[in-house]
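Asks: This is target_30.txt (compact mmCIF, C-alpha atoms).
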# COMPACT_ATOMS: atom_id res chain seq x y z
CA MET A 1 -187.97 95.37 24.08
CA LYS A 2 -184.94 93.98 25.85
CA ASP A 3 -185.22 94.74 29.55
CA LEU A 4 -182.21 96.82 30.51
CA SER A 5 -183.03 97.20 34.20
CA ALA A 6 -180.19 94.72 34.73
CA TRP A 7 -176.92 94.73 32.79
CA GLN A 8 -177.14 93.35 29.27
CA ASP A 9 -174.18 92.76 26.98
CA TYR A 10 -173.89 93.47 23.29
CA PRO A 11 -171.08 93.30 20.76
CA ALA A 12 -169.56 96.77 20.62
CA THR A 13 -169.84 97.04 16.86
CA ARG A 14 -171.26 99.62 14.48
CA GLU A 15 -173.70 97.01 13.19
CA MET A 16 -175.23 96.64 16.65
CA TYR A 17 -175.47 100.37 17.33
CA ASP A 18 -179.04 100.79 16.09
CA THR A 19 -180.22 97.83 18.17
CA MET A 20 -178.59 99.18 21.32
CA ARG A 21 -179.98 102.65 20.67
CA GLU A 22 -183.52 101.36 20.14
CA ASP A 23 -183.38 99.13 23.23
CA ILE A 24 -182.28 102.03 25.41
CA LEU A 25 -184.94 104.36 24.00
CA ALA A 26 -187.64 101.74 24.53
CA ASN A 27 -186.59 101.32 28.16
CA ALA A 28 -186.55 105.09 28.63
CA GLN A 29 -190.03 105.43 27.21
CA ALA A 30 -191.27 102.64 29.49
CA ALA A 31 -189.71 104.52 32.41
CA GLY A 32 -191.72 107.60 31.47
CA ILE A 33 -189.13 109.88 29.91
CA PRO A 34 -190.86 113.02 28.62
CA GLU A 35 -190.59 113.63 24.90
CA ARG A 36 -188.71 116.88 25.46
CA LYS A 37 -185.89 114.93 27.11
CA GLU A 38 -185.49 112.37 24.35
CA PHE A 39 -183.12 114.52 22.30
CA THR A 40 -180.71 114.75 25.22
CA LEU A 41 -180.99 111.03 25.85
CA GLU A 42 -180.30 110.22 22.20
CA LEU A 43 -177.27 112.47 22.30
CA GLY A 44 -175.88 110.63 25.31
CA ILE A 45 -176.52 107.25 23.71
CA GLU A 46 -174.81 108.20 20.46
CA GLU A 47 -171.82 109.95 21.99
CA MET A 48 -171.04 107.26 24.54
CA LEU A 49 -171.70 104.20 22.38
CA ILE A 50 -169.88 105.47 19.31
CA ASN A 51 -166.86 106.30 21.46
CA ILE A 52 -166.82 102.78 22.88
CA ILE A 53 -167.35 101.19 19.47
CA THR A 54 -164.64 103.30 17.89
CA TYR A 55 -161.95 103.48 20.54
CA ALA A 56 -162.36 100.91 23.33
CA TYR A 57 -160.99 97.81 21.61
CA ASP A 58 -158.46 96.85 18.97
CA ALA A 59 -160.37 93.65 18.28
CA PRO A 60 -164.19 93.47 18.72
CA GLY A 61 -165.29 93.33 22.35
CA PRO A 62 -168.44 93.62 24.44
CA VAL A 63 -170.28 96.59 25.86
CA TRP A 64 -172.62 96.23 28.79
CA ILE A 65 -175.61 98.51 29.09
CA ARG A 66 -178.03 99.19 31.90
CA ALA A 67 -180.87 101.70 31.59
CA ARG A 68 -183.44 102.21 34.33
CA ARG A 69 -185.34 104.69 36.39
CA GLU A 70 -183.60 105.75 39.58
CA GLY A 71 -185.91 107.96 41.62
CA ASP A 72 -186.59 111.13 39.62
CA PHE A 73 -183.84 110.30 37.15
CA PHE A 74 -183.28 108.03 34.23
CA ARG A 75 -179.89 106.42 34.70
CA LEU A 76 -177.83 105.09 31.83
CA ASP A 77 -174.72 102.97 32.45
CA PHE A 78 -172.13 101.77 29.96
CA ALA A 79 -169.30 99.36 30.72
CA ASP A 80 -166.50 97.98 28.57
CA HIS A 81 -163.27 96.04 29.01
CA GLY A 82 -161.37 98.28 26.66
CA ARG A 83 -158.33 100.41 27.32
CA PRO A 84 -158.70 102.62 30.41
CA PHE A 85 -160.20 105.94 29.42
CA ASN A 86 -161.87 108.56 31.58
CA PRO A 87 -163.75 110.90 29.25
CA LEU A 88 -164.37 113.34 32.09
CA THR A 89 -160.72 114.33 32.19
CA GLU A 90 -160.62 115.16 28.50
CA GLU A 91 -159.94 118.80 27.85
CA ARG A 92 -160.13 120.03 24.32
CA CYS A 93 -159.98 123.33 22.61
CA HIS A 94 -163.63 124.31 22.26
CA SER A 95 -163.68 127.68 23.90
CA LYS A 96 -164.83 131.00 22.60
CA GLY A 97 -162.19 133.30 21.29
CA ARG A 98 -160.20 130.53 19.65
CA THR A 99 -159.66 130.63 15.91
CA VAL A 100 -161.10 127.93 13.74
CA GLU A 101 -157.57 126.63 13.11
CA ASP A 102 -157.15 126.00 16.85
CA TRP A 103 -160.39 124.07 17.21
CA GLU A 104 -160.00 120.33 17.65
CA GLU A 105 -162.51 117.87 16.24
CA GLY A 106 -162.24 115.49 19.16
CA GLY A 107 -163.95 115.84 22.50
CA LEU A 108 -167.07 117.57 21.25
CA GLY A 109 -169.27 114.63 22.17
CA ILE A 110 -168.34 114.42 25.82
CA HIS A 111 -168.50 118.20 26.02
CA LEU A 112 -172.13 118.12 24.86
CA VAL A 113 -173.04 115.29 27.23
CA ARG A 114 -171.49 117.10 30.20
CA LYS A 115 -173.51 120.19 29.32
CA SER A 116 -176.83 118.43 28.93
CA PHE A 117 -176.96 115.60 31.47
CA ASP A 118 -177.65 116.31 35.10
CA ARG A 119 -174.86 114.12 36.42
CA ILE A 120 -172.05 112.00 34.99
CA ALA A 121 -169.73 109.62 36.79
CA TYR A 122 -166.82 107.42 35.76
CA ALA A 123 -165.15 104.47 37.42
CA TYR A 124 -162.49 101.96 36.43
CA GLU A 125 -163.09 98.83 38.45
CA ASP A 126 -163.70 95.09 38.46
CA PHE A 127 -166.76 94.15 36.46
CA GLN A 128 -167.79 90.94 34.71
CA GLY A 129 -164.47 89.22 35.17
CA GLY A 130 -162.15 92.05 34.28
CA LYS A 131 -161.24 95.68 34.77
CA ALA A 132 -163.88 97.88 33.15
CA ASN A 133 -164.53 101.47 32.21
CA ILE A 134 -167.94 102.25 33.69
CA LEU A 135 -169.63 105.48 32.69
CA SER A 136 -172.94 106.55 34.20
CA LEU A 137 -175.27 109.32 33.07
CA TRP A 138 -178.29 110.69 34.90
CA LEU A 139 -181.10 112.64 33.26
CA LYS A 140 -183.87 114.17 35.31
CA LEU A 141 -187.25 112.95 34.22
CA THR A 142 -189.26 115.94 35.41
CA MET B 1 -179.69 104.01 11.55
CA ALA B 2 -183.07 105.19 12.80
CA ASN B 3 -184.66 105.41 9.33
CA GLU B 4 -183.97 109.13 9.14
CA VAL B 5 -183.19 110.67 5.80
CA VAL B 6 -181.04 113.68 4.97
CA GLN B 7 -182.38 115.70 2.07
CA LYS B 8 -180.67 118.65 0.49
CA GLU B 9 -181.30 121.28 -2.13
CA THR B 10 -179.64 124.51 -3.21
CA LYS B 11 -180.82 127.98 -4.16
CA TRP B 12 -179.39 131.50 -4.21
CA GLU B 13 -180.22 134.28 -1.75
CA ASN B 14 -178.50 137.64 -1.25
CA GLY B 15 -175.30 136.43 -2.85
CA TRP B 16 -175.15 133.30 -0.75
CA LEU B 17 -175.63 129.79 -1.97
CA VAL B 18 -178.22 128.26 0.36
CA TRP B 19 -177.66 124.60 1.08
CA SER B 20 -180.63 123.10 2.92
CA VAL B 21 -180.49 119.91 4.92
CA GLU B 22 -183.54 118.26 6.42
CA GLY B 23 -183.55 115.61 9.12
CA ARG B 24 -180.73 114.29 11.27
CA ILE B 25 -177.03 115.01 11.10
CA ASP B 26 -175.68 112.16 13.22
CA ILE B 27 -173.20 109.31 13.06
CA SER B 28 -175.17 107.64 10.27
CA THR B 29 -175.68 110.65 8.03
CA ALA B 30 -172.61 112.80 8.77
CA ASP B 31 -170.42 111.39 6.00
CA LEU B 32 -173.14 111.92 3.41
CA VAL B 33 -173.74 115.48 4.57
CA TYR B 34 -170.03 116.22 4.55
CA GLN B 35 -169.61 114.88 1.02
CA SER B 36 -172.34 117.18 -0.22
CA GLY B 37 -171.05 120.14 1.74
CA GLU B 38 -167.46 119.59 0.66
CA GLU B 39 -168.47 119.79 -2.98
CA ILE B 40 -170.60 122.89 -2.49
CA VAL B 41 -168.15 124.77 -0.25
CA GLY B 42 -165.37 123.86 -2.65
CA ARG B 43 -166.99 125.63 -5.58
CA GLU B 44 -169.00 128.49 -4.06
CA GLU B 45 -167.63 131.74 -2.68
CA LYS B 46 -170.27 131.96 0.04
CA THR B 47 -172.29 129.05 1.38
CA VAL B 48 -174.90 129.06 4.13
CA LEU B 49 -176.28 125.83 5.55
CA ASP B 50 -179.99 126.30 6.22
CA MET B 51 -180.58 124.30 9.40
CA SER B 52 -184.21 125.23 9.90
CA LYS B 53 -185.29 121.67 9.14
CA VAL B 54 -182.50 119.87 10.94
CA THR B 55 -184.14 117.91 13.74
CA TYR B 56 -181.10 116.45 15.49
CA ILE B 57 -177.38 117.04 15.52
CA SER B 58 -174.67 115.24 17.46
CA SER B 59 -170.94 115.74 17.70
CA ALA B 60 -170.61 113.87 14.41
CA GLY B 61 -172.65 116.66 12.85
CA LEU B 62 -170.66 119.35 14.60
CA ARG B 63 -167.46 117.86 13.21
CA VAL B 64 -168.95 118.14 9.73
CA LEU B 65 -169.61 121.84 10.29
CA LEU B 66 -166.13 122.37 11.71
CA ARG B 67 -164.46 120.59 8.82
CA LEU B 68 -166.44 122.59 6.28
CA LEU B 69 -165.58 125.84 8.05
CA LYS B 70 -161.89 124.92 8.08
CA LYS B 71 -162.05 124.06 4.40
CA ALA B 72 -163.74 127.34 3.57
CA LYS B 73 -161.22 129.38 5.58
CA LYS B 74 -158.30 127.58 4.01
CA GLU B 75 -159.62 128.26 0.53
CA GLY B 76 -160.58 131.88 1.17
CA ARG B 77 -164.31 131.18 1.03
CA GLU B 78 -167.17 131.74 3.44
CA PHE B 79 -169.29 129.19 5.26
CA THR B 80 -171.94 129.80 7.88
CA VAL B 81 -175.20 128.36 9.20
CA ALA B 82 -178.64 129.85 9.70
CA GLY B 83 -182.09 128.96 10.97
CA ALA B 84 -181.19 126.43 13.65
CA GLY B 85 -183.89 126.23 16.28
CA GLY B 86 -184.85 124.44 19.44
CA VAL B 87 -182.54 121.72 20.68
CA VAL B 88 -180.37 121.95 17.56
CA GLU B 89 -179.65 125.58 18.33
CA THR B 90 -178.90 124.60 21.92
CA VAL B 91 -176.29 122.09 20.76
CA LEU B 92 -174.63 124.75 18.64
CA THR B 93 -174.52 127.23 21.50
CA ASP B 94 -173.49 124.68 24.14
CA SER B 95 -170.55 123.72 21.96
CA ASN B 96 -169.63 127.38 21.27
CA MET B 97 -169.88 126.60 17.59
CA ASP B 98 -172.51 129.29 17.14
CA THR B 99 -169.84 131.92 17.64
CA LEU B 100 -167.25 130.07 15.59
CA LEU B 101 -169.66 129.76 12.66
CA ASN B 102 -171.11 133.28 13.05
CA MET B 103 -174.49 131.58 13.19
CA ARG B 104 -177.50 133.58 11.96
CA LYS B 105 -180.99 133.26 13.35
CA SER B 106 -182.40 133.23 9.84
CA LEU B 107 -181.41 133.69 6.22
CA ASP B 108 -182.72 137.27 6.49
CA GLU B 109 -179.65 138.15 8.54
CA LEU B 110 -177.23 137.40 5.70
Is it possible to express this structure as structure tokens?

Replies:
Amino acid sequence: MKDLSAWQDYPATREMYDTMREDILANAQAAGIPERKEFTLELGIEEMLINIITYAYDAPGPVWIRARREGDFFRLDFADHGRPFNPLTEERCHSKGRTVEDWEEGGLGIHLVRKSFDRIAYAYEDFQGGKANILSLWLKLT
Amino acid sequence: MANEVVQKETKWENGWLVWSVEGRIDISTADLVYQSGEEIVGREEKTVLDMSKVTYISSAGLRVLLRLLKKAKKEGREFTVAGAGGVVETVLTDSNMDTLLNMRKSLDEL
């Protein structure tokens, strides 16, 4: 298990996705995440990492990950040097009453994460020698 | 991906073609599931995806369902889902896709 209590960097590529996912899950299990919370955690991992892998860079770049217990929460942080993007400001057409033709495919992932995590925060700031998108998710352990 | 396998089979029930998927519908399996669903929805008048054995679904999976529903509507066919439970059902309701898909609790409701 790679210790993610401090930031670790990975190539933000589809080939590395499984490794990143497994490292985060191992750290979560070591932190005592209950089994009933693992689905939510997996959802956050997939939605955030796949977005970074798919959209952050034109050419391959790094993603930094930190995953650790923070009081009663498990905190997951992602950082990348890709184009500035705040997923929390995304508004898509996923509301009831809309016809199927009006529904947009994009934005479903962040919508699910916002519904299921206890707290989410975004910052665009200096990190590891450049401006970075930093997204943090908190999931209550109890 | 996490060594999960999508399995599918078909049978008829109450005039609906039942397409069953077992396992995860996520970034690794979504394309495969869509390919199967596209073929089935494209030839059947009424298709129901039996989700009773789906253990995980992410937005990649939801996009598959949305695309299949759009395809069905465009072609004058029907597509719905049934049997989703637990956290999978929660994802469908949190995303409001339960209403969009006219989700059934079970195949008995068809």

Asks: At a cut-off of 9 Å, list the chain B residues touching chain A, using all atoms listed in the file, as a ChimeraX atom specification.

Replies: /B:1-2,26-27,56-60,62-63,66-67,69-70,73,87,91,94-97,99-101

Asks: If you measure from CA of Asp108 in chain B to CA of Val48 in chain B, what distance in Å do you get, rounded to one decimal?

Replies: 11.6 Å

Asks: What is the CA of Leu68 in chain B-CA of Ser20 in chain B distance in Å, reported with one decimal?

Replies: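 Between CA of Leu68 in chain B and CA of Ser20 in chain B the gap works out to 14.6 Å.
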
Asks: Which residue is closest to Val33 in chain B? Choose from B:Ser106, B:Lys53, B:Val6, B:Trp16 and count all atoms listed in the file.

Replies: B:Val6

Asks: Could you check the closest approach to Met16 in chain A for each of A:Leu141, A:Ile53, A:Met48, A:Ala28 and tell me which residue wins, using all atoms listed in the file?

Replies: A:Ile53

Asks: Counting all atoms listed in the file, figure out which residue out of B:Thr80, B:Thr93, B:Thr10, B:Asn102 gets nearest to Ile40 in chain B.

Replies: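 Counting all atoms listed in the file, the residue closest to Ile40 in chain B is B:Thr10.
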
Asks: Give me, please, the distance in Å between CA of Phe117 in chain A and CA of Leu137 in chain A, quoted to one decimal.

Replies: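 For CA of Phe117 in chain A relative to CA of Leu137 in chain A, the distance reads 6.7 Å.
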
Asks: Do you know which residues are at most 7 Å from Ala84 in chain B counting all atoms listed in the file, after dropping those on the same chain fewer than 5 positions away, and could you put them as a list in words?

Replies: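 Final neighbour list, sorted by chain and number: Met51, Ser52, Glu89 and Lys105 of chain B.
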
Asks: Could the residues in this selection be written to a file with C-alpha atoms, as a CSV table (one decimal), keeping the file's coordinate frame?

Replies:
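Okay, again-v3.csv is ready:
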chain,number,residue,atom,x,y,z
B,51,MET,CA,-180.6,124.3,9.4
B,52,SER,CA,-184.2,125.2,9.9
B,89,GLU,CA,-179.6,125.6,18.3
B,105,LYS,CA,-181.0,133.3,13.4

Asks: Please provide as a list in words all residues within 10 Å of Ala72 in chain B, with the sequence filter that same-chain residues fewer than 6 positions apart are discarded (counting only C-alpha atoms).

Replies: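 Residues near the query, excluding close chain neighbours: Glu38, Val41, Gly42, Arg43, Glu44, Glu45, Lys46, Thr47, Leu66, Glu78, Phe79 and Thr80 of chain B.
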
Asks: When you look at Glu125 in chain A with a cut-off of 12 Å (counting only C-alpha atoms), what residues show up, excluding the ones that are within fewer than 6 positions of it in the same chain? I need them as a ChimeraX atom specification.

Replies: /A:79-82,84-86,131-135
